[in-house]
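> Mind having a look at this structure? Questions to follow.
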Amino acid sequence: MTAQIIDGKAIAAKVRSEVKQSVERMKVEDNYTPGLATVLVGEDPASSTYVRSKQRACEELGIRSIGYELPGDISQADLLAVVTELNNDPQINGILVQLPLPKHIDEEAILNAISIEKDVDGFHPVNIGRLAMKGRDPLFIPCTPHGCIVLLDEAGVPIKGAEAVVVGRSNIVGLPVAMLLQKRDATVTICHSRTKDLAEHLRNADIVIAAIGRTEMITGDMLKPGAAVIDVGINQKPDPTAKRGYRLVGDVDYESASEVAGAITPVPGGVGPMTIAMLMKNTLRAAEIALAKQEG
Ligand code: GUN
């Protein structure tokens, strides 16, 4: 079997184009422009690249983007003051504090401080709590997990009743994507670094979400034939033929997995573009919430 390739680039482009149209309509009909504040603390090169991509996406979609680049040794109090200022700024609809934060900053305290109506990352404990509970819905769904679900839907993969295995239990991806799959009536197993026999779990999985951050650790022989595989991993693999000396690969060994899976996302070009597209969608939603409050 050769798997259907789930084209994240194309699906993300479709989501962005829908958001762009809604932003244009909002400008004309409501005389209102959505605004996103990005907060980058320190100079981690990967975080800087991600934040720049988020700002560029805003510009392309007509969303106002305001970037805060703060020194890596900023105090907790000063960072909290920036968040409070943004909470109170009517021009700002979404606040994105790029993670990870430096070790001396209490991440939980910062995420708690973001107004839940501006929490476009969906990381506020109230939003995560609502995501976890039956019959409740968060104001915002975390972007990468939401992107995984949209990819499954767009590829026509049934979620209801499916056996889903999530590999990884991070707050940003593994945990929320497991909760989303459960909300959609999948039977969900979360595997992680201490799982005794990962292959045993994967053998029964109709859906696999790989988000453990280990280069190509899931191989085709571990998968159920026909499984849908969403690879969230972005790992650098040494490659002397590449200009940078490495190339980006996922947590799944694409070559062997695509021989067994029914559908699979590539790396790059799978989940990656979806994270930003869903962030843009959340920012639009934040602006809609702000407008409704103004009018109400
Ligand atoms: N770091 C890695 N992924 C993310 C994300 O989706 N949002 C934020 N704020 N930080 C991240």
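Following the order of the structure tokens, first chain is A, next is B, and so on, with residues numbered from 1 inside each chain and ligands from 1 in the order they appear.
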Enumerate as a PyMOL selection string the residues within 8 Å of ligand 1, counting only C-alpha atoms and all ligand atoms.

chain A and resi 47+96-100+121+142-144+172+275

> Can I get the selected residues back with C-alpha atoms, as a PDB file, in the first residue's frame?


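The file below, again-v9.pdb, is the result:
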```pdb
ATOM      1  CA  SER A  47      11.542  30.489  18.571  1.00  0.00           C
ATOM      2  CA  LEU A  96       0.969  34.889  21.986  1.00  0.00           C
ATOM      3  CA  VAL A  97       3.842  34.326  24.402  1.00  0.00           C
ATOM      4  CA  GLN A  98       6.244  32.055  22.564  1.00  0.00           C
ATOM      5  CA  LEU A  99       7.296  28.977  24.554  1.00  0.00           C
ATOM      6  CA  PRO A 100       9.577  27.794  25.984  1.00  0.00           C
ATOM      7  CA  ASP A 121      -2.786  29.740  21.898  1.00  0.00           C
ATOM      8  CA  PRO A 142      -4.573  25.035  20.877  1.00  0.00           C
ATOM      9  CA  CYS A 143      -3.280  25.568  17.344  1.00  0.00           C
ATOM     10  CA  THR A 144      -1.136  22.511  16.575  1.00  0.00           C
ATOM     11  CA  ILE A 172       1.321  21.970  23.824  1.00  0.00           C
ATOM     12  CA  THR A 275      -0.152  25.627  13.397  1.00  0.00           C
TER      13      THR A 275
END
```

> Do you have, as CSV, the list of residues of stretch 193-275 of chain A lying at most 12 Å from stretch 54-59 of chain A, each with its nearest atom pair and that distance in Å to one decimal, counting only C-alpha atoms and ordered by chain then number?


```
residue,atom,partner,partner_atom,distance
A:Gly272,CA,A:Lys54,CA,11.6
A:Pro273,CA,A:Lys54,CA,10.2
A:Met274,CA,A:Lys54,CA,11.4
A:Thr275,CA,A:Lys54,CA,9.3
```

> Nearest to A:Thr187 among A:Leu175, A:Ala164, A:Val208, A:Ala10, with distances taken over only C-alpha atoms: which residue is it?

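Closest to A:Thr187, using only C-alpha atoms: A:Ala164.
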
> Excluding A:Arg136 and any residue of its chain fewer than 2 positions from it, enumerate the residues within 12 Å of it, using only C-alpha atoms, and give them as JSON, numbers by chain.

{"A": [126, 127, 128, 129, 130, 131, 132, 133, 134, 138, 139, 140, 179, 180, 183]}

> As an exercise, work out the distance from atom CA of A:Ala205 to atom CA of A:Glu163 in Å and give it to one decimal place.

5.1 Å

> Given the choices A:Ala81, A:Ala287, A:Ile66, A:Leu61, which gets closest to A:Asp119 if the distance is worked out from only C-alpha atoms?

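So, comparing all the options, the nearest one is A:Ala287.
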
> Which residues, written as a compact mmCIF listing (two decimals) with C-alpha atoms, in the first residue's frame, have at least one atom at most 9 Å from A:Leu181, with only C-alpha atoms counted and residues fewer than 3 positions away on the same chain left out?


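What follows is the written file around.txt:
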```
# COMPACT_ATOMS: atom_id res chain seq x y z
CA ILE A 149 -7.78 17.33 13.65
CA ILE A 159 -12.49 9.83 14.00
CA LYS A 160 -15.67 8.66 15.73
CA ALA A 164 -6.29 6.61 18.30
CA PRO A 176 -4.67 18.60 24.10
CA VAL A 177 -4.77 16.52 20.90
CA ALA A 178 -5.75 13.47 22.99
CA ARG A 184 -14.74 13.51 18.76
CA ASP A 185 -15.53 10.03 20.15
CA ALA A 186 -12.26 8.29 19.39
CA THR A 187 -10.93 5.73 21.89
CA VAL A 188 -7.66 7.34 22.90
```

> If we count only C-alpha atoms and set the cut-off at 7 Å, which residues sit around A:Asn282, ignoring sequence neighbours fewer than 3 positions away in its own chain? Please answer as number ranges by chain.

A: 120, 140, 278-279, 285-286

> So which one's closest to A:Leu152, A:Gly269, A:Gly262, A:Gly42, A:Gly72? Using only C-alpha atoms, please.

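The answer is A:Gly262, which sits nearest to A:Leu152.
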
> Counting only C-alpha atoms, which of A:Leu248, A:Ala277, A:Ala228, A:Val15 gets nearest to A:Thr215?

A:Leu248

> Could you give me the residues within stretch 72-244 of chain A that DSSP places in alpha helix (DSSP H), as number ranges by chain?

A: 76-87, 107-113, 125-132, 143-154, 174-183, 198-202

> Have a look at A:Val260, A:Val249, A:Ile114, A:Leu86 and name the one nearest to A:Lys237; count only C-alpha atoms.

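Looking only at the distances to A:Lys237, the closest residue turns out to be A:Val249.
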
> If you count only C-alpha atoms, which residues fall within 10 Å of A:Ser75, apart from same-chain ones fewer than 4 positions away, as a list in words?

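My list of contacting residues is Pro71, Leu79, Leu80, Ala81, His104 and Ile105 of chain A.
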
> Go ahead and write the selection's residues with N, CA and C atoms as a short mmCIF file (atom, residue, chain, number, x, y, z; two decimals), in the first residue's frame.


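As written to disk, selection26.cif reads:
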```cif
data_model
loop_
_atom_site.label_atom_id
_atom_site.label_comp_id
_atom_site.auth_asym_id
_atom_site.auth_seq_id
_atom_site.Cartn_x
_atom_site.Cartn_y
_atom_site.Cartn_z
N PRO A 71 14.40 40.97 26.43
CA PRO A 71 15.68 40.33 26.76
C PRO A 71 15.47 39.03 27.56
N LEU A 79 7.80 40.90 32.79
CA LEU A 79 7.07 40.16 31.74
C LEU A 79 5.56 40.16 32.05
N LEU A 80 5.23 40.00 33.31
CA LEU A 80 3.81 40.05 33.71
C LEU A 80 3.22 41.42 33.39
N ALA A 81 4.03 42.47 33.57
CA ALA A 81 3.55 43.83 33.28
C ALA A 81 3.25 43.98 31.79
N HIS A 104 14.13 30.89 34.49
CA HIS A 104 13.82 31.67 35.71
C HIS A 104 12.39 32.23 35.69
N ILE A 105 11.70 32.06 34.56
CA ILE A 105 10.32 32.56 34.47
C ILE A 105 9.36 31.40 34.76
#
```

> Rank nothing, just name the residue among A:Ser193, A:Asn171, A:Thr49, A:Gln294 nearest to A:Ile212, using only C-alpha atoms.

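Using only C-alpha atoms, A:Ile212 sits closest to A:Ser193.
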
> Report as a list in words: the residues of stretch 23-180 of chain A with a DSSP assignment of strand (DSSP E), based on the backbone of this structure.

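In stretch 23-180 of chain A, DSSP puts these residues in strand (DSSP E): Gly35, Leu36, Ala37, Thr38, Val39, Leu40, Val41, Arg64, Ser65, Ile66, Gly67, Tyr68, Glu69, Leu70, Gly94, Ile95, Leu96, Val97, Glu163, Ala164, Val165, Val166 and Val167 of chain A.
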
> Can you tell me how far atom CA of A:Leu202 sits from atom CA of A:Val150, in Å to one decimal?

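So the answer is 21.6 Å.
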